[in-house]
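Visitor: Input: one structure, supplied below.
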Amino acid sequence: MEVNHVTDVAGAPSRDSLWAGPRSRATASTVTSLRRTNRARVLTHIVLNDSTTRAAIAAECGLSVASVSNLVTDLMAEGLVVESGSLSSQGGRPITVLRRRPDGAYLVGADVGERGVAVELYDFTMAMVDREFRGGRQEEGPDVIAQDLTSALAELRRRNPAPWAKLAGIGLGLPGIVEPTADGGHLLHAQSLGWPPLTIGDLTPGSDALVLAQNGAKAQAKAEQWFGAVRGVDHAVVALLGRGVGLAVISDGVLQHGWRGSAGEWGHSKVERDGRPCRCGARGCLEAHVGADAMLSAWSQAGGRPEGDGWRAVGQLLDSTDPAAQAVVDSVVAVLGQSLGSLVNLVNPERVVIGGWVGLRLMERLRDRLEAAIRANALDRPGRQFELSPCTFGGASVALGAATLPLEALIEGPLQRPAGP
Ligand SMILES: [Zn+2]
């Protein structure tokens, strides 16, 4: 995890921008207490800065040192913040350094894919404590995914009883549209996977913890917004390229959800009229050209022999000197260049971030070509204004981003622990 010194506040995102998810909007009217709002601002500052001081918090949050002292006392009583050493000052009186208490709270983030789940337990400094993976099979239905998720959570709980007692909640990064419902819950619509609409309760039956959900690409973007390549960046697009293709748009510092949560369904934007059939039922979708299965099947049809259908096969395709493989790679670069170039024209991002297991491989092998193709397909001015970067947290991005959902809930209000064991 990145270490920020007490004076390093320039990179912090605007605090209000981090609260704009659908769940936060739904609860915003209940968050009327000024003290609660100020607690959230102070705690956000402490989460974003590895170490800080009461004076630095007061200066950055625009609060009096007396107010900050009261709020910090409360946060210490909640067990979230600890005094940790001191700095010398010019006046001679030492200044107490404040940090998050690693064992103050724990968070779970789950990357829920169509072929398995990766469930990660983090401490309050967002250091990963433990991890469980289930899956690796071919296509899985929602029942199998729910079983995988339930069994991975049960195993993490069995191995980590003390952290589980301080669990702030579980965040799920899901493969589809995550639509907020009137009762404050969420529905998953995974049309490409052929799943029926699912509630979060369908995926985590019997869980007594707070469970929150977000689309996987948006979860990845939240990890980047809090701790990675989009920290402090108000205008960005964050692409997730794997078997499926997703996107998150950050505009004015706010992750965009659209009216009912489906904003950013970039994978099903059309790149060819009457083009290749897509899993969603339509033709010519971006995902049917640059998703992992699409790339590998195009190579197979041209005589290639990929080893399996995972990251090794994609690496093999990208490294191959076979003209058929190179034609597939040329096509992927051209189509992504067109599509991302159009996004640059639409959104005018300061940063374009590419993640996902296919996206990271493309950035390792073809970054310069991809960058040139995006710039060539955008108007000159916005095409020169963005910076291209890979996702910061590699394969852990979606799970880490999902864990920021309960992190935000904890920041919004103190942990409500269920009574009893
Ligand atoms: Zn499609």
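Quick note on naming: the chains in the structure tokens go A, B, ... in the order shown, residues restart at 1 in each chain, and ligands are numbered from 1 in order of appearance.
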Given a cut-off of 6 Å, what residues near ligand 1 show up using only C-alpha atoms and all ligand atoms, put as a PyMOL selection string?
Guide: chain A and resi 268+278-280+282+285
Visitor: For those residues, write N, CA and C atoms to a file as a PDB file, in the first residue's frame.
Guide:
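Written file, result_0.pdb:
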ATOM      1  N   HIS A 268     -20.834  -3.872 -24.687  1.00  0.00           N
ATOM      2  CA  HIS A 268     -21.905  -4.144 -25.644  1.00  0.00           C
ATOM      3  C   HIS A 268     -22.192  -2.926 -26.504  1.00  0.00           C
ATOM      4  N   CYS A 278     -22.550 -11.912 -30.195  1.00  0.00           N
ATOM      5  CA  CYS A 278     -22.076 -11.677 -28.826  1.00  0.00           C
ATOM      6  C   CYS A 278     -22.900 -12.521 -27.863  1.00  0.00           C
ATOM      7  N   ARG A 279     -22.350 -12.791 -26.683  1.00  0.00           N
ATOM      8  CA  ARG A 279     -23.058 -13.577 -25.670  1.00  0.00           C
ATOM      9  C   ARG A 279     -24.350 -12.911 -25.221  1.00  0.00           C
ATOM     10  N   CYS A 280     -24.453 -11.591 -25.419  1.00  0.00           N
ATOM     11  CA  CYS A 280     -25.664 -10.884 -24.979  1.00  0.00           C
ATOM     12  C   CYS A 280     -26.825 -11.127 -25.927  1.00  0.00           C
ATOM     13  N   ALA A 282     -26.829  -9.949 -29.146  1.00  0.00           N
ATOM     14  CA  ALA A 282     -26.713  -9.001 -30.259  1.00  0.00           C
ATOM     15  C   ALA A 282     -25.493  -9.362 -31.116  1.00  0.00           C
ATOM     16  N   CYS A 285     -20.766  -6.546 -30.967  1.00  0.00           N
ATOM     17  CA  CYS A 285     -20.377  -5.875 -29.719  1.00  0.00           C
ATOM     18  C   CYS A 285     -18.850  -5.865 -29.565  1.00  0.00           C
TER      19      CYS A 285
END
Visitor: Select from stretch 243-287 of chain A everything DSSP, run on the backbone, classes as strand (DSSP E), then give the selection as a list in words.
Guide: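 Put together, the selection reads Val245, Gly246, Leu247, Ala248, Val249, Ile250, Ser251, Val254 and Leu255 of chain A.
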Visitor: Save the residues we just selected, C-alpha atoms, as a compact mmCIF listing (two decimals), in the first residue's frame?
Guide:
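The resulting selection_32.txt:
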# COMPACT_ATOMS: atom_id res chain seq x y z
CA VAL A 245 -15.44 -6.18 -21.13
CA GLY A 246 -16.55 -3.42 -18.77
CA LEU A 247 -15.88 0.23 -18.09
CA ALA A 248 -16.28 2.88 -15.45
CA VAL A 249 -16.50 6.58 -16.21
CA ILE A 250 -15.46 9.07 -13.55
CA SER A 251 -16.67 12.57 -14.26
CA VAL A 254 -17.93 11.01 -9.35
CA LEU A 255 -18.20 7.43 -10.56
Visitor: Kindly indicate which residue among A:Glu140, A:Glu364, A:Glu132, A:Glu265 lies nearest to A:Cys391, using only C-alpha atoms for the distances.
Guide: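 Of A:Glu140, A:Glu364, A:Glu132, A:Glu265, the one nearest A:Cys391, counting only C-alpha atoms, is A:Glu364.
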Visitor: Fewer than 6 positions away in the same chain doesn't count, so skip those; otherwise give me all residues within 10 Å of stretch 219-226 of chain A, counting only C-alpha atoms, as an mmCIF file with C-alpha atoms, in the first residue's frame.
Guide:
data_model
loop_
_atom_site.group_PDB
_atom_site.id
_atom_site.type_symbol
_atom_site.label_atom_id
_atom_site.label_comp_id
_atom_site.auth_asym_id
_atom_site.auth_seq_id
_atom_site.Cartn_x
_atom_site.Cartn_y
_atom_site.Cartn_z
ATOM 1 C CA ALA A 12 -6.439 13.142 -2.164
ATOM 2 C CA PRO A 13 -9.688 12.927 -4.142
ATOM 3 C CA SER A 17 -16.901 12.638 -4.727
ATOM 4 C CA LEU A 18 -16.366 9.344 -2.949
ATOM 5 C CA THR A 44 -11.631 9.685 4.956
ATOM 6 C CA VAL A 47 -7.804 6.413 5.416
ATOM 7 C CA LEU A 48 -6.183 8.301 2.543
ATOM 8 C CA GLY A 109 -14.130 -7.893 -1.048
ATOM 9 C CA ALA A 110 -15.188 -10.555 -3.534
ATOM 10 C CA ASP A 111 -14.460 -10.673 -7.239
ATOM 11 C CA GLY A 171 -18.535 -6.083 -0.869
ATOM 12 C CA LEU A 172 -19.278 -7.991 -4.069
ATOM 13 C CA GLY A 173 -17.939 -7.033 -7.509
ATOM 14 C CA LEU A 174 -20.442 -8.647 -9.889
ATOM 15 C CA ALA A 213 -22.655 -4.886 -4.329
ATOM 16 C CA GLY A 232 -7.071 12.744 -7.158
ATOM 17 C CA VAL A 233 -8.116 12.524 -10.843
ATOM 18 C CA ASP A 234 -11.563 13.996 -11.536
ATOM 19 C CA ALA A 236 -11.105 9.257 -16.079
ATOM 20 C CA VAL A 237 -12.206 6.111 -17.845
ATOM 21 C CA VAL A 238 -11.206 2.781 -16.299
ATOM 22 C CA ALA A 239 -11.547 -0.262 -18.578
ATOM 23 C CA LEU A 240 -11.803 -3.867 -17.421
ATOM 24 C CA GLY A 246 -16.545 -3.425 -18.765
ATOM 25 C CA LEU A 247 -15.883 0.225 -18.089
ATOM 26 C CA ALA A 248 -16.279 2.880 -15.452
ATOM 27 C CA VAL A 249 -16.501 6.581 -16.210
ATOM 28 C CA ILE A 250 -15.460 9.071 -13.548
ATOM 29 C CA GLY A 253 -14.699 13.043 -9.421
ATOM 30 C CA VAL A 254 -17.930 11.014 -9.351
ATOM 31 C CA LEU A 255 -18.204 7.430 -10.555
ATOM 32 C CA VAL A 353 -6.701 3.230 -17.125
ATOM 33 C CA ILE A 354 -6.692 -0.326 -18.432
ATOM 34 C CA GLY A 355 -7.077 -3.331 -16.134
ATOM 35 C CA GLY A 356 -8.444 -6.855 -16.069
ATOM 36 C CA CYS A 391 -4.553 -0.601 -13.378
ATOM 37 C CA THR A 392 -2.585 -0.374 -10.089
ATOM 38 C CA PHE A 393 -3.592 -3.524 -8.264
ATOM 39 C CA GLY A 394 -3.374 -6.160 -11.000
ATOM 40 C CA GLY A 395 -5.632 -9.140 -10.539
ATOM 41 C CA ALA A 396 -6.736 -8.008 -7.054
ATOM 42 C CA SER A 397 -8.383 -4.783 -8.255
ATOM 43 C CA VAL A 398 -12.010 -5.921 -8.352
ATOM 44 C CA ALA A 399 -11.870 -7.570 -4.904
ATOM 45 C CA LEU A 400 -10.078 -4.570 -3.376
ATOM 46 C CA GLY A 401 -12.584 -2.210 -4.999
ATOM 47 C CA ALA A 402 -15.470 -4.315 -3.707
ATOM 48 C CA ALA A 403 -13.974 -4.036 -0.207
ATOM 49 C CA THR A 404 -14.197 -0.240 -0.476
ATOM 50 C CA LEU A 405 -18.022 -0.620 -0.387
#
Visitor: Write out as a list in words each polymer residue whose atoms come within 9 Å of A:Leu87, counting only C-alpha atoms; drop sequence neighbours fewer than 4 positions from it.
Guide: Arg93, Pro94, Ile95, Thr96 and Val97 of chain A
Visitor: Rounded to one decimal in Å, what is the spacing between atom CA of A:Lys166 and atom CA of A:Gly79?
Guide: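 These two atoms are separated by 10.1 Å.
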Visitor: Per DSSP on the backbone, what are the helix (DSSP H, G or I) residues of stretch 206-311 of chain A, as a count of residues only?
Guide: 30
Visitor: Just to confirm, what's the straight-line distance from atom CA of A:Met295 to atom CA of A:Val332 in Å (one decimal)?
Guide: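 Computing it gives 7.6 Å between the two atoms.
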Visitor: Nearest to A:Val112 among A:Pro142, A:Gly135, A:Pro175, A:Gly337, with distances taken over only C-alpha atoms: which residue is it?
Guide: A:Pro175
Visitor: Could you check which of A:Leu156, A:Ser320, A:Arg101, A:Ser89 is closest to A:Ala118, using only C-alpha atoms?
Guide: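 Closest residue, counting only C-alpha atoms: A:Leu156.
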Visitor: May I ask for the distance between atom CA of A:Val211 and atom CA of A:Gly264, given in Å to one decimal place?
Guide: 22.8 Å
Visitor: Which one is closest to A:Asn215: A:Arg159, A:His189, A:Arg100, A:Arg131? Count only C-alpha atoms.
Guide: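 The closest residue to A:Asn215 is A:His189.
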Visitor: Taking 2 positions as the minimum chain separation for residues in the same chain, which residues sit within 7 Å of A:Ala209 when counting only C-alpha atoms? Answer as JSON, numbers by chain.
Guide: {"A": [169, 170, 207, 211]}
Visitor: Near A:Ala298, within 10 Å and counting only C-alpha atoms, which residues show up once chain neighbours fewer than 3 positions away are dropped, as a PyMOL selection string?
Guide: chain A and resi 288-290+292-295+301-304+324-325+327-329
Visitor: Mind dumping the selected residues with C-alpha atoms as a compact mmCIF listing (two decimals), in the first residue's frame?
Guide:
# COMPACT_ATOMS: atom_id res chain seq x y z
CA ALA A 288 -17.26 -10.13 -29.24
CA HIS A 289 -14.05 -8.65 -30.72
CA VAL A 290 -11.69 -7.97 -27.83
CA ALA A 292 -10.56 -13.17 -24.21
CA ASP A 293 -12.84 -15.80 -25.75
CA ALA A 294 -13.34 -13.71 -28.89
CA MET A 295 -9.58 -13.18 -29.36
CA GLN A 301 -10.32 -20.25 -36.52
CA ALA A 302 -7.22 -18.93 -38.31
CA GLY A 303 -5.29 -22.10 -37.43
CA GLY A 304 -3.82 -21.09 -34.06
CA ALA A 324 -2.49 -15.41 -38.15
CA ALA A 325 -1.87 -14.47 -34.49
CA ALA A 327 -3.57 -10.42 -37.60
CA VAL A 328 -5.77 -11.10 -34.55
CA VAL A 329 -3.60 -8.83 -32.38
Visitor: Between A:Ser86, A:Thr37, A:Ser67, A:Ala373, single out the one closest to A:Thr53, counting only C-alpha atoms.
Guide: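 For A:Thr53, the nearest of the given residues is A:Ser86.
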Visitor: I need the residue nearest A:Asn377 from this list: A:Gln338, A:Ser51, A:Asn348, A:Gln256. Use only C-alpha atoms for the distance.
Guide: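 Closest candidate: A:Gln338.
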Visitor: Find the spatial neighbours of A:Val129, counting only C-alpha atoms, within a cut-off of 10 Å - ignore same-chain residues fewer than 3 positions away - and output them as a CSV table (one decimal) with C-alpha atoms, in the first residue's frame.
Guide:
chain,number,residue,atom,x,y,z
A,106,TYR,CA,-12.0,-5.8,8.7
A,107,LEU,CA,-13.5,-5.8,5.2
A,108,VAL,CA,-14.2,-8.5,2.7
A,120,GLU,CA,-10.3,-11.5,0.1
A,121,LEU,CA,-10.2,-10.3,3.7
A,122,TYR,CA,-8.5,-7.0,4.4
A,123,ASP,CA,-7.6,-5.2,7.6
A,126,MET,CA,-6.4,-2.4,3.4
A,156,LEU,CA,-12.4,-17.3,5.8
A,160,ASN,CA,-10.2,-15.7,11.1
A,163,PRO,CA,-11.2,-10.4,12.5
